[in-house]
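Data first, discussion second: the structure below is written as structure tokens.
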Amino acid sequence: MSTVANRAPQETRGTWRTYLGLGAVMVLSAFPLYWMFVIATSTDEAVSAIPPTVLPGGELVTNLREVFTLQEVYFAASLINSVIVAGVVTASTLFFCSLAGFAFAKLRFRARNALMVVVILTLTVPNQLGVVALYILMGKLGWNGTLTAVIVPTLVSAFGVFYMRQFIQHAVPDELIESARMDGALTFRIYWSIILPAIRPALAVLGLLTFVATWNDFQWPLITLNGTEFPTSMVALSDLASGNYVIYRRVLAGAFVATVPLLVLLLIGGRQIVRGIMEGAVKS
Amino acid sequence: MAVTQVRRPSPAHRPAPAKVPVSRWRLWVYHFDTKRVPYLLIAPFFLLFAVFGLFPIVFNGIVALRHWRLDDPTLTGWAGFTNFERLLTDDDFWNALVNTFGIFLLSTVPQLLLALIIANLLNRRLRTTTWWRIGVLLPYVTPVAASTLLFAVFFARDGGMANWILSLVGIGGDEPIDWRADKWSSWIAIATMVNWKWIGYNALLYLAAMQSIPRDVYDAAAVDGAGPWRQLWQITVPMIQPVVIFTVVLSTIGGLQLYTEPMLFDENPAAASGGSDGQYQTIAQLIYQVGWKDLNLGYAAAMSWALFLIILVVAALNALATNRLGGGRR
């Protein structure tokens, strides 16, 4: 007993109790997703059966067909819209954040540190609270009801700038940049041929986090896109769940389809997502 | 070969460094590149933030002081503080405020405690380390809209799984709980959704901090034979206090703006009423209802400002309190 306690936890081998606890956590994490799938494959009776159905049924195709053919929900289009929005926002976030991160990490200019403090402060601004004014602004620009209104406000993020700066500071030696300057390389050239290749892992991390967050965004897309023919998939889900009477096997078939892309991303990029979250924690 | 001849036009033609005009041009380029370009690189962030982040919040303050209705564009002009005065006596606002704080407490406290415990489980030498960490992130990547709709079925009164599980242990039975009907039950249901979503994420934040604790810190505890549980609360948690404060502030900012869960938990989300009698209407939801259902943007803006101030105060208080609880080291 005391020999076990003598060591730092991170040096201690997990006991059967550790694995039992973690196993329970895994079940609780995964179960709602599994059950979403079960309902997506079920009939109406199975949705509210007591005791609950625990095995998938055979109605997935039927349910999906209903979801995709509902006239006023535009579900298929909404998936494409979500891909466009999340894709554009991710690409632009990577580009602008790595540029700014590079400047803050490696270039000398006046007020650099003060401006970096401003970036960090903007992290704490709850911008959801500006939605009323944002809606009026977008109205003046004529963008309400279009994907532009969803994309433009999130083209760059403070977290991204901060994360890129931290990474570039450590990933690229100053000498490398100095010698490139000696050879006459201009700043953008240095960014393109030295910085970008060196920060690929960080780009993967930030890209995944940005894509997930943008795909899942709900409040602002709902405000600006609701009732148009260009919903994102989250807005389409809320349309599926509204109305006089809601058919849950259909709603959850839609929810499942809108979740699958992110589960695939977690499967292939999980390591990077974990890294991004954990690195963000230690450095902030 | 022709190509090589073109590529090397003869060295004599290349401008020598001493030639004045070219050198000046180069100097200008160098100067521009080192003095101006850095600002160009950071400009996109500041421009976009100024227009779509800062401006709306400031402009919100102006909208709040004016009559601004979507259904009646002719009704404009300064309203003075009428919108704010109306807030003070608006039962809907106070009801939403109470709901927001109730759900916030029910979600934040268990969320962070459980996250600590799970982080402590993960903070061991494990087989397939990464897979456990990826597993706890399943809820994090799941869209809130999607998981909320699932929980809406889970917390159904008739045939819902929550009531079925409770009936197994003898609760409810013939009289199943109508989760949406009362404040306490709807708050618990919504808090469950929030907890499910964020526990794993917070656990990873804590885990990151735990792993950077120097190993020898634990030696002293070993001498007086502290068990793993005491080790967690007396050494690990105080050592990761900055991250705990960070998560408390994060969940305050997020929790007080809670929107998607109460919206989609409702049987008719389009109404944004937070239940038949507003049992679980949060402030963010009320802002949406006032702004886009009642079409009164001026009043919605005033509410946004009120919520902004509340978040600032509560986040600061929570950070202070957490700091104090942890022994007040600064």
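Each chain of the structure tokens is named A, B, ... in the order shown, its residues numbered from 1; ligands are numbered from 1 in display order.
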
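Those residues that approach A:Val152 to within 10 Å, counting only C-alpha atoms, are A:Val85, A:Val88, A:Val89, A:Ser92, A:Trp143, A:Leu147, A:Thr148, A:Ala149, A:Val150, A:Thr154, A:Leu155, A:Val156, B:Leu48, B:Phe52; same-chain residues fewer than 2 positions away are not listed.
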
* Skip B:Gln211 itself and residues of its chain fewer than 3 positions away, then list as JSON, numbers by chain all residues within 12 Å of it, counting only C-alpha atoms. => {"A": [8, 9, 10, 11, 278, 279, 281, 282], "B": [119, 120, 122, 123, 124, 125, 204, 205, 206, 207, 208, 214, 215, 236, 237, 239, 240]}

Pull N, CA and C atoms from the residues just selected and write them as a PDB file, in the first residue's frame.
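Okay, this is what ended up in result28.pdb:
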ATOM      1  N   ALA A   8       4.875   9.262  -7.628  1.00  0.00           N
ATOM      2  CA  ALA A   8       4.006  10.229  -8.297  1.00  0.00           C
ATOM      3  C   ALA A   8       2.969   9.459  -9.094  1.00  0.00           C
ATOM      4  N   PRO A   9       1.748   9.971  -9.145  1.00  0.00           N
ATOM      5  CA  PRO A   9       0.671   9.243  -9.831  1.00  0.00           C
ATOM      6  C   PRO A   9       1.045   8.896 -11.275  1.00  0.00           C
ATOM      7  N   GLN A  10       1.680   9.845 -11.956  1.00  0.00           N
ATOM      8  CA  GLN A  10       1.975   9.588 -13.369  1.00  0.00           C
ATOM      9  C   GLN A  10       3.004   8.479 -13.552  1.00  0.00           C
ATOM     10  N   GLU A  11       3.696   8.096 -12.428  1.00  0.00           N
ATOM     11  CA  GLU A  11       4.651   6.993 -12.496  1.00  0.00           C
ATOM     12  C   GLU A  11       3.998   5.676 -12.079  1.00  0.00           C
ATOM     13  N   MET A 278      -4.540  19.753 -24.732  1.00  0.00           N
ATOM     14  CA  MET A 278      -3.631  19.678 -23.593  1.00  0.00           C
ATOM     15  C   MET A 278      -2.550  20.748 -23.658  1.00  0.00           C
ATOM     16  N   GLU A 279      -2.035  21.033 -24.855  1.00  0.00           N
ATOM     17  CA  GLU A 279      -1.007  22.080 -24.955  1.00  0.00           C
ATOM     18  C   GLU A 279      -1.585  23.441 -24.640  1.00  0.00           C
ATOM     19  N   ALA A 281      -3.813  24.082 -22.574  1.00  0.00           N
ATOM     20  CA  ALA A 281      -4.025  24.197 -21.139  1.00  0.00           C
ATOM     21  C   ALA A 281      -2.753  24.595 -20.407  1.00  0.00           C
ATOM     22  N   VAL A 282      -1.648  23.945 -20.762  1.00  0.00           N
ATOM     23  CA  VAL A 282      -0.425  24.181 -20.007  1.00  0.00           C
ATOM     24  C   VAL A 282       0.120  25.577 -20.274  1.00  0.00           C
TER      25      VAL A 282
ATOM     26  N   ALA B 119      -9.400  12.947 -14.626  1.00  0.00           N
ATOM     27  CA  ALA B 119      -8.024  13.306 -14.952  1.00  0.00           C
ATOM     28  C   ALA B 119      -7.062  12.506 -14.078  1.00  0.00           C
ATOM     29  N   ASN B 120      -7.443  12.329 -12.813  1.00  0.00           N
ATOM     30  CA  ASN B 120      -6.596  11.566 -11.910  1.00  0.00           C
ATOM     31  C   ASN B 120      -6.497  10.097 -12.340  1.00  0.00           C
ATOM     32  N   LEU B 122      -6.713   9.159 -15.479  1.00  0.00           N
ATOM     33  CA  LEU B 122      -5.900   9.161 -16.692  1.00  0.00           C
ATOM     34  C   LEU B 122      -4.426   9.410 -16.377  1.00  0.00           C
ATOM     35  N   ASN B 123      -4.169  10.006 -15.225  1.00  0.00           N
ATOM     36  CA  ASN B 123      -2.810  10.375 -14.855  1.00  0.00           C
ATOM     37  C   ASN B 123      -2.075   9.181 -14.230  1.00  0.00           C
ATOM     38  N   ARG B 124      -2.087   8.081 -14.923  1.00  0.00           N
ATOM     39  CA  ARG B 124      -1.401   6.861 -14.496  1.00  0.00           C
ATOM     40  C   ARG B 124      -0.661   6.313 -15.697  1.00  0.00           C
ATOM     41  N   ARG B 125       0.222   5.360 -15.431  1.00  0.00           N
ATOM     42  CA  ARG B 125       0.810   4.681 -16.596  1.00  0.00           C
ATOM     43  C   ARG B 125      -0.191   3.654 -17.078  1.00  0.00           C
ATOM     44  N   LEU B 204      -9.049  16.624 -19.678  1.00  0.00           N
ATOM     45  CA  LEU B 204      -7.782  16.712 -20.412  1.00  0.00           C
ATOM     46  C   LEU B 204      -6.998  17.963 -20.031  1.00  0.00           C
ATOM     47  N   LEU B 205      -7.707  19.075 -19.777  1.00  0.00           N
ATOM     48  CA  LEU B 205      -7.002  20.280 -19.325  1.00  0.00           C
ATOM     49  C   LEU B 205      -6.299  19.992 -17.996  1.00  0.00           C
ATOM     50  N   TYR B 206      -7.023  19.332 -17.078  1.00  0.00           N
ATOM     51  CA  TYR B 206      -6.418  19.006 -15.785  1.00  0.00           C
ATOM     52  C   TYR B 206      -5.272  18.017 -15.946  1.00  0.00           C
ATOM     53  N   LEU B 207      -5.478  17.035 -16.809  1.00  0.00           N
ATOM     54  CA  LEU B 207      -4.438  16.025 -17.015  1.00  0.00           C
ATOM     55  C   LEU B 207      -3.146  16.691 -17.492  1.00  0.00           C
ATOM     56  N   ALA B 208      -3.282  17.624 -18.431  1.00  0.00           N
ATOM     57  CA  ALA B 208      -2.095  18.307 -18.943  1.00  0.00           C
ATOM     58  C   ALA B 208      -1.338  18.969 -17.810  1.00  0.00           C
ATOM     59  N   PRO B 214       6.177  18.401 -11.018  1.00  0.00           N
ATOM     60  CA  PRO B 214       7.443  17.678 -10.820  1.00  0.00           C
ATOM     61  C   PRO B 214       7.211  16.443  -9.950  1.00  0.00           C
ATOM     62  N   ARG B 215       7.872  15.349 -10.294  1.00  0.00           N
ATOM     63  CA  ARG B 215       7.644  14.104  -9.565  1.00  0.00           C
ATOM     64  C   ARG B 215       8.044  14.180  -8.097  1.00  0.00           C
ATOM     65  N   THR B 236      -1.993  17.173  -5.641  1.00  0.00           N
ATOM     66  CA  THR B 236      -2.240  17.394  -7.062  1.00  0.00           C
ATOM     67  C   THR B 236      -3.097  18.625  -7.297  1.00  0.00           C
ATOM     68  N   VAL B 237      -4.256  18.684  -6.627  1.00  0.00           N
ATOM     69  CA  VAL B 237      -5.179  19.794  -6.910  1.00  0.00           C
ATOM     70  C   VAL B 237      -4.561  21.157  -6.587  1.00  0.00           C
ATOM     71  N   MET B 239      -1.518  21.942  -6.718  1.00  0.00           N
ATOM     72  CA  MET B 239      -0.463  22.215  -7.697  1.00  0.00           C
ATOM     73  C   MET B 239      -1.019  22.673  -9.042  1.00  0.00           C
ATOM     74  N   ILE B 240      -2.229  22.257  -9.377  1.00  0.00           N
ATOM     75  CA  ILE B 240      -2.763  22.638 -10.691  1.00  0.00           C
ATOM     76  C   ILE B 240      -3.768  23.787 -10.571  1.00  0.00           C
TER      77      ILE B 240
END

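Restricting the calculation to only C-alpha atoms, the smallest distance between chain B and any of A:Trp220, A:Tyr163, A:Tyr191, A:Phe96 is found for A:Phe96.
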
* **Nearby residues (only C-alpha atoms) at most 12 Å from A:Asp174, same-chain spacing under 2 positions excluded, as JSON, numbers by chain** => {"A": [102, 105, 106, 107, 108, 168, 169, 170, 171, 172, 176, 177, 178, 179, 180, 181, 190, 194, 195]}

* Asked: Counting only C-alpha atoms, what is within 8 Å of stretch 282-292 of chain B, bar same-chain residues fewer than 2 positions away, as a ChimeraX atom specification?
  -> /A:132,223 /B:92-93,96-97,99-100,256-259,262-263,271-274,280,294-301,303-304,307

* Could you find all residues in stretch 11-203 of chain A that DSSP calls alpha helix (DSSP H) from the backbone, and write them as a ChimeraX atom specification? => /A:16-40,44-47,60-69,75-106,112-122,131-141,147-151,158-171,174-182,187-190,196-198,200-203

Any idea which chain A residues end up within 7 Å of chain B if we count only C-alpha atoms, as a PDB file with N, CA and C atoms, in the first residue's frame please?
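Result file is iface_29.pdb:
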ATOM      1  N   SER A   2       1.765   1.357   0.992  1.00  0.00           N
ATOM      2  CA  SER A   2       2.545   2.579   1.080  1.00  0.00           C
ATOM      3  C   SER A   2       3.563   2.641  -0.061  1.00  0.00           C
ATOM      4  N   ALA A   5       1.876   4.361  -2.814  1.00  0.00           N
ATOM      5  CA  ALA A   5       1.657   5.779  -2.593  1.00  0.00           C
ATOM      6  C   ALA A   5       2.956   6.571  -2.653  1.00  0.00           C
ATOM      7  N   ASN A   6       4.089   5.876  -2.563  1.00  0.00           N
ATOM      8  CA  ASN A   6       5.359   6.578  -2.571  1.00  0.00           C
ATOM      9  C   ASN A   6       5.675   7.261  -3.880  1.00  0.00           C
ATOM     10  N   ARG A   7       4.933   6.917  -4.909  1.00  0.00           N
ATOM     11  CA  ARG A   7       5.346   7.408  -6.211  1.00  0.00           C
ATOM     12  C   ARG A   7       4.365   8.432  -6.740  1.00  0.00           C
ATOM     13  N   ALA A   8       4.875   9.262  -7.628  1.00  0.00           N
ATOM     14  CA  ALA A   8       4.006  10.229  -8.297  1.00  0.00           C
ATOM     15  C   ALA A   8       2.969   9.459  -9.094  1.00  0.00           C
ATOM     16  N   PRO A   9       1.748   9.971  -9.145  1.00  0.00           N
ATOM     17  CA  PRO A   9       0.671   9.243  -9.831  1.00  0.00           C
ATOM     18  C   PRO A   9       1.045   8.896 -11.275  1.00  0.00           C
ATOM     19  N   GLN A  10       1.680   9.845 -11.956  1.00  0.00           N
ATOM     20  CA  GLN A  10       1.975   9.588 -13.369  1.00  0.00           C
ATOM     21  C   GLN A  10       3.004   8.479 -13.552  1.00  0.00           C
ATOM     22  N   GLU A  11       3.696   8.096 -12.428  1.00  0.00           N
ATOM     23  CA  GLU A  11       4.651   6.993 -12.496  1.00  0.00           C
ATOM     24  C   GLU A  11       3.998   5.676 -12.079  1.00  0.00           C
ATOM     25  N   THR A  12       2.801   5.782 -11.532  1.00  0.00           N
ATOM     26  CA  THR A  12       2.144   4.593 -10.995  1.00  0.00           C
ATOM     27  C   THR A  12       1.382   3.863 -12.083  1.00  0.00           C
ATOM     28  N   ARG A  13       1.550   2.559 -12.097  1.00  0.00           N
ATOM     29  CA  ARG A  13       0.809   1.768 -13.070  1.00  0.00           C
ATOM     30  C   ARG A  13      -0.672   1.743 -12.694  1.00  0.00           C
ATOM     31  N   GLY A  14      -1.536   1.835 -13.694  1.00  0.00           N
ATOM     32  CA  GLY A  14      -2.966   1.769 -13.413  1.00  0.00           C
ATOM     33  C   GLY A  14      -3.359   0.401 -12.871  1.00  0.00           C
ATOM     34  N   THR A  18      -8.435   1.414 -11.742  1.00  0.00           N
ATOM     35  CA  THR A  18      -8.277   2.504 -12.705  1.00  0.00           C
ATOM     36  C   THR A  18      -8.975   2.151 -14.006  1.00  0.00           C
ATOM     37  N   LEU A  22     -12.108   3.953 -15.806  1.00  0.00           N
ATOM     38  CA  LEU A  22     -12.001   4.490 -17.162  1.00  0.00           C
ATOM     39  C   LEU A  22     -12.973   3.797 -18.106  1.00  0.00           C
ATOM     40  N   MET A  26     -15.732   5.546 -20.460  1.00  0.00           N
ATOM     41  CA  MET A  26     -15.865   5.315 -21.900  1.00  0.00           C
ATOM     42  C   MET A  26     -17.307   4.966 -22.272  1.00  0.00           C
ATOM     43  N   SER A  29     -19.399   8.008 -22.125  1.00  0.00           N
ATOM     44  CA  SER A  29     -19.096   8.910 -23.239  1.00  0.00           C
ATOM     45  C   SER A  29     -19.730   8.429 -24.529  1.00  0.00           C
ATOM     46  N   ALA A  30     -19.642   7.133 -24.752  1.00  0.00           N
ATOM     47  CA  ALA A  30     -20.038   6.606 -26.052  1.00  0.00           C
ATOM     48  C   ALA A  30     -21.519   6.258 -26.121  1.00  0.00           C
ATOM     49  N   MET A  36     -28.096   7.149 -30.130  1.00  0.00           N
ATOM     50  CA  MET A  36     -28.536   7.986 -31.241  1.00  0.00           C
ATOM     51  C   MET A  36     -28.636   7.133 -32.509  1.00  0.00           C
ATOM     52  N   SER A  48     -39.929   4.633 -28.170  1.00  0.00           N
ATOM     53  CA  SER A  48     -40.374   4.808 -26.790  1.00  0.00           C
ATOM     54  C   SER A  48     -40.758   3.482 -26.144  1.00  0.00           C
ATOM     55  N   ALA A  49     -40.137   2.407 -26.597  1.00  0.00           N
ATOM     56  CA  ALA A  49     -40.446   1.104 -26.027  1.00  0.00           C
ATOM     57  C   ALA A  49     -39.888   0.990 -24.610  1.00  0.00           C
ATOM     58  N   ILE A  50     -40.625   0.279 -23.762  1.00  0.00           N
ATOM     59  CA  ILE A  50     -40.164  -0.002 -22.397  1.00  0.00           C
ATOM     60  C   ILE A  50     -40.171  -1.508 -22.205  1.00  0.00           C
ATOM     61  N   PRO A  52     -36.249  -0.156 -23.019  1.00  0.00           N
ATOM     62  CA  PRO A  52     -35.775   0.438 -24.267  1.00  0.00           C
ATOM     63  C   PRO A  52     -35.101  -0.586 -25.189  1.00  0.00           C
ATOM     64  N   PHE A  96      -4.280  33.011 -41.636  1.00  0.00           N
ATOM     65  CA  PHE A  96      -4.122  34.279 -40.925  1.00  0.00           C
ATOM     66  C   PHE A  96      -3.485  34.087 -39.547  1.00  0.00           C
ATOM     67  N   LEU A  99       0.264  33.427 -39.962  1.00  0.00           N
ATOM     68  CA  LEU A  99       0.946  34.686 -40.321  1.00  0.00           C
ATOM     69  C   LEU A  99       1.141  35.550 -39.085  1.00  0.00           C
ATOM     70  N   ALA A 100       0.060  35.773 -38.347  1.00  0.00           N
ATOM     71  CA  ALA A 100       0.147  36.641 -37.169  1.00  0.00           C
ATOM     72  C   ALA A 100       1.011  36.000 -36.094  1.00  0.00           C
ATOM     73  N   ALA A 103       4.574  36.584 -36.938  1.00  0.00           N
ATOM     74  CA  ALA A 103       4.991  37.950 -36.634  1.00  0.00           C
ATOM     75  C   ALA A 103       5.233  38.124 -35.136  1.00  0.00           C
ATOM     76  N   LEU A 107       9.239  38.250 -35.382  1.00  0.00           N
ATOM     77  CA  LEU A 107       9.580  39.538 -35.966  1.00  0.00           C
ATOM     78  C   LEU A 107       9.630  40.604 -34.873  1.00  0.00           C
ATOM     79  N   PHE A 109       8.864  44.379 -33.916  1.00  0.00           N
ATOM     80  CA  PHE A 109       8.190  45.612 -34.317  1.00  0.00           C
ATOM     81  C   PHE A 109       7.683  46.305 -33.066  1.00  0.00           C
ATOM     82  N   PRO A 126     -16.818  37.589 -24.450  1.00  0.00           N
ATOM     83  CA  PRO A 126     -17.879  36.676 -24.870  1.00  0.00           C
ATOM     84  C   PRO A 126     -18.616  37.260 -26.079  1.00  0.00           C
ATOM     85  N   ASN A 127     -18.150  36.947 -27.296  1.00  0.00           N
ATOM     86  CA  ASN A 127     -18.713  37.667 -28.447  1.00  0.00           C
ATOM     87  C   ASN A 127     -20.126  37.239 -28.806  1.00  0.00           C
ATOM     88  N   LEU A 129     -22.412  37.816 -27.063  1.00  0.00           N
ATOM     89  CA  LEU A 129     -23.262  38.878 -26.549  1.00  0.00           C
ATOM     90  C   LEU A 129     -23.411  40.014 -27.539  1.00  0.00           C
ATOM     91  N   GLY A 130     -22.628  39.971 -28.615  1.00  0.00           N
ATOM     92  CA  GLY A 130     -22.783  41.018 -29.604  1.00  0.00           C
ATOM     93  C   GLY A 130     -23.750  40.670 -30.712  1.00  0.00           C
ATOM     94  N   VAL A 132     -26.895  40.853 -31.306  1.00  0.00           N
ATOM     95  CA  VAL A 132     -27.918  41.810 -31.754  1.00  0.00           C
ATOM     96  C   VAL A 132     -27.293  42.816 -32.715  1.00  0.00           C
ATOM     97  N   ALA A 133     -26.182  43.416 -32.274  1.00  0.00           N
ATOM     98  CA  ALA A 133     -25.521  44.404 -33.118  1.00  0.00           C
ATOM     99  C   ALA A 133     -24.925  43.753 -34.366  1.00  0.00           C
ATOM    100  N   LEU A 134     -24.429  42.529 -34.209  1.00  0.00           N
ATOM    101  CA  LEU A 134     -23.869  41.832 -35.371  1.00  0.00           C
ATOM    102  C   LEU A 134     -24.945  41.618 -36.426  1.00  0.00           C
ATOM    103  N   PRO A 153     -17.223  36.514 -39.759  1.00  0.00           N
ATOM    104  CA  PRO A 153     -16.815  36.862 -38.390  1.00  0.00           C
ATOM    105  C   PRO A 153     -15.808  35.889 -37.782  1.00  0.00           C
ATOM    106  N   VAL A 156     -10.695  34.364 -38.475  1.00  0.00           N
ATOM    107  CA  VAL A 156      -9.435  34.291 -37.731  1.00  0.00           C
ATOM    108  C   VAL A 156      -9.786  34.242 -36.257  1.00  0.00           C
ATOM    109  N   LEU A 186      12.721  37.772 -48.325  1.00  0.00           N
ATOM    110  CA  LEU A 186      11.788  38.702 -47.696  1.00  0.00           C
ATOM    111  C   LEU A 186      10.908  37.948 -46.695  1.00  0.00           C
ATOM    112  N   THR A 187      10.201  38.711 -45.861  1.00  0.00           N
ATOM    113  CA  THR A 187       9.456  38.115 -44.754  1.00  0.00           C
ATOM    114  C   THR A 187       8.470  37.047 -45.229  1.00  0.00           C
ATOM    115  N   VAL A 212     -14.013  21.452 -36.025  1.00  0.00           N
ATOM    116  CA  VAL A 212     -15.030  20.923 -35.099  1.00  0.00           C
ATOM    117  C   VAL A 212     -15.880  22.057 -34.536  1.00  0.00           C
ATOM    118  N   ASN A 216     -19.974  22.792 -35.364  1.00  0.00           N
ATOM    119  CA  ASN A 216     -20.946  22.671 -34.279  1.00  0.00           C
ATOM    120  C   ASN A 216     -21.624  23.981 -33.910  1.00  0.00           C
ATOM    121  N   PHE A 218     -23.926  27.005 -33.403  1.00  0.00           N
ATOM    122  CA  PHE A 218     -25.378  26.947 -33.527  1.00  0.00           C
ATOM    123  C   PHE A 218     -26.068  28.303 -33.435  1.00  0.00           C
ATOM    124  N   GLN A 219     -25.725  29.092 -32.410  1.00  0.00           N
ATOM    125  CA  GLN A 219     -26.544  30.265 -32.130  1.00  0.00           C
ATOM    126  C   GLN A 219     -26.533  31.294 -33.265  1.00  0.00           C
ATOM    127  N   MET A 234     -26.526  22.277 -38.507  1.00  0.00           N
ATOM    128  CA  MET A 234     -27.080  22.455 -37.158  1.00  0.00           C
ATOM    129  C   MET A 234     -28.423  23.178 -37.212  1.00  0.00           C
ATOM    130  N   SER A 238     -32.304  21.818 -36.122  1.00  0.00           N
ATOM    131  CA  SER A 238     -33.315  22.477 -35.288  1.00  0.00           C
ATOM    132  C   SER A 238     -34.634  22.596 -36.045  1.00  0.00           C
ATOM    133  N   SER A 242     -38.403  21.019 -34.977  1.00  0.00           N
ATOM    134  CA  SER A 242     -39.483  21.971 -34.735  1.00  0.00           C
ATOM    135  C   SER A 242     -40.738  21.521 -35.470  1.00  0.00           C
ATOM    136  N   GLY A 243     -41.832  22.183 -35.165  1.00  0.00           N
ATOM    137  CA  GLY A 243     -43.059  21.856 -35.882  1.00  0.00           C
ATOM    138  C   GLY A 243     -44.084  21.247 -34.977  1.00  0.00           C
ATOM    139  N   LEU A 252     -33.233  12.051 -35.044  1.00  0.00           N
ATOM    140  CA  LEU A 252     -31.953  11.489 -34.629  1.00  0.00           C
ATOM    141  C   LEU A 252     -31.205  10.852 -35.791  1.00  0.00           C
ATOM    142  N   ALA A 255     -29.490  13.898 -36.833  1.00  0.00           N
ATOM    143  CA  ALA A 255     -28.432  14.216 -35.869  1.00  0.00           C
ATOM    144  C   ALA A 255     -27.237  13.293 -36.059  1.00  0.00           C
ATOM    145  N   THR A 259     -23.332  14.156 -37.156  1.00  0.00           N
ATOM    146  CA  THR A 259     -22.274  13.877 -36.193  1.00  0.00           C
ATOM    147  C   THR A 259     -21.161  13.035 -36.796  1.00  0.00           C
ATOM    148  N   LEU A 262     -17.649  14.324 -37.750  1.00  0.00           N
ATOM    149  CA  LEU A 262     -16.769  14.670 -36.649  1.00  0.00           C
ATOM    150  C   LEU A 262     -16.211  13.421 -35.976  1.00  0.00           C
ATOM    151  N   GLY A 270      -7.615  12.160 -33.750  1.00  0.00           N
ATOM    152  CA  GLY A 270      -7.801  12.233 -32.300  1.00  0.00           C
ATOM    153  C   GLY A 270      -6.536  12.618 -31.561  1.00  0.00           C
ATOM    154  N   ARG A 271      -5.424  12.036 -31.983  1.00  0.00           N
ATOM    155  CA  ARG A 271      -4.148  12.329 -31.340  1.00  0.00           C
ATOM    156  C   ARG A 271      -3.854  13.832 -31.367  1.00  0.00           C
ATOM    157  N   VAL A 274      -6.343  15.819 -29.070  1.00  0.00           N
ATOM    158  CA  VAL A 274      -5.932  15.680 -27.670  1.00  0.00           C
ATOM    159  C   VAL A 274      -4.742  16.590 -27.394  1.00  0.00           C
ATOM    160  N   ILE A 277      -5.692  20.377 -27.202  1.00  0.00           N
ATOM    161  CA  ILE A 277      -6.374  20.767 -25.970  1.00  0.00           C
ATOM    162  C   ILE A 277      -5.392  20.786 -24.800  1.00  0.00           C
ATOM    163  N   MET A 278      -4.540  19.753 -24.732  1.00  0.00           N
ATOM    164  CA  MET A 278      -3.631  19.678 -23.593  1.00  0.00           C
ATOM    165  C   MET A 278      -2.550  20.748 -23.658  1.00  0.00           C
ATOM    166  N   ALA A 281      -3.813  24.082 -22.574  1.00  0.00           N
ATOM    167  CA  ALA A 281      -4.025  24.197 -21.139  1.00  0.00           C
ATOM    168  C   ALA A 281      -2.753  24.595 -20.407  1.00  0.00           C
ATOM    169  N   VAL A 282      -1.648  23.945 -20.762  1.00  0.00           N
ATOM    170  CA  VAL A 282      -0.425  24.181 -20.007  1.00  0.00           C
ATOM    171  C   VAL A 282       0.120  25.577 -20.274  1.00  0.00           C
TER     172      VAL A 282
END

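Proximity of A:Leu225, A:Cys97, A:Val131, A:Leu265 to A:Ser157, computed with only C-alpha atoms, is greatest for A:Cys97.
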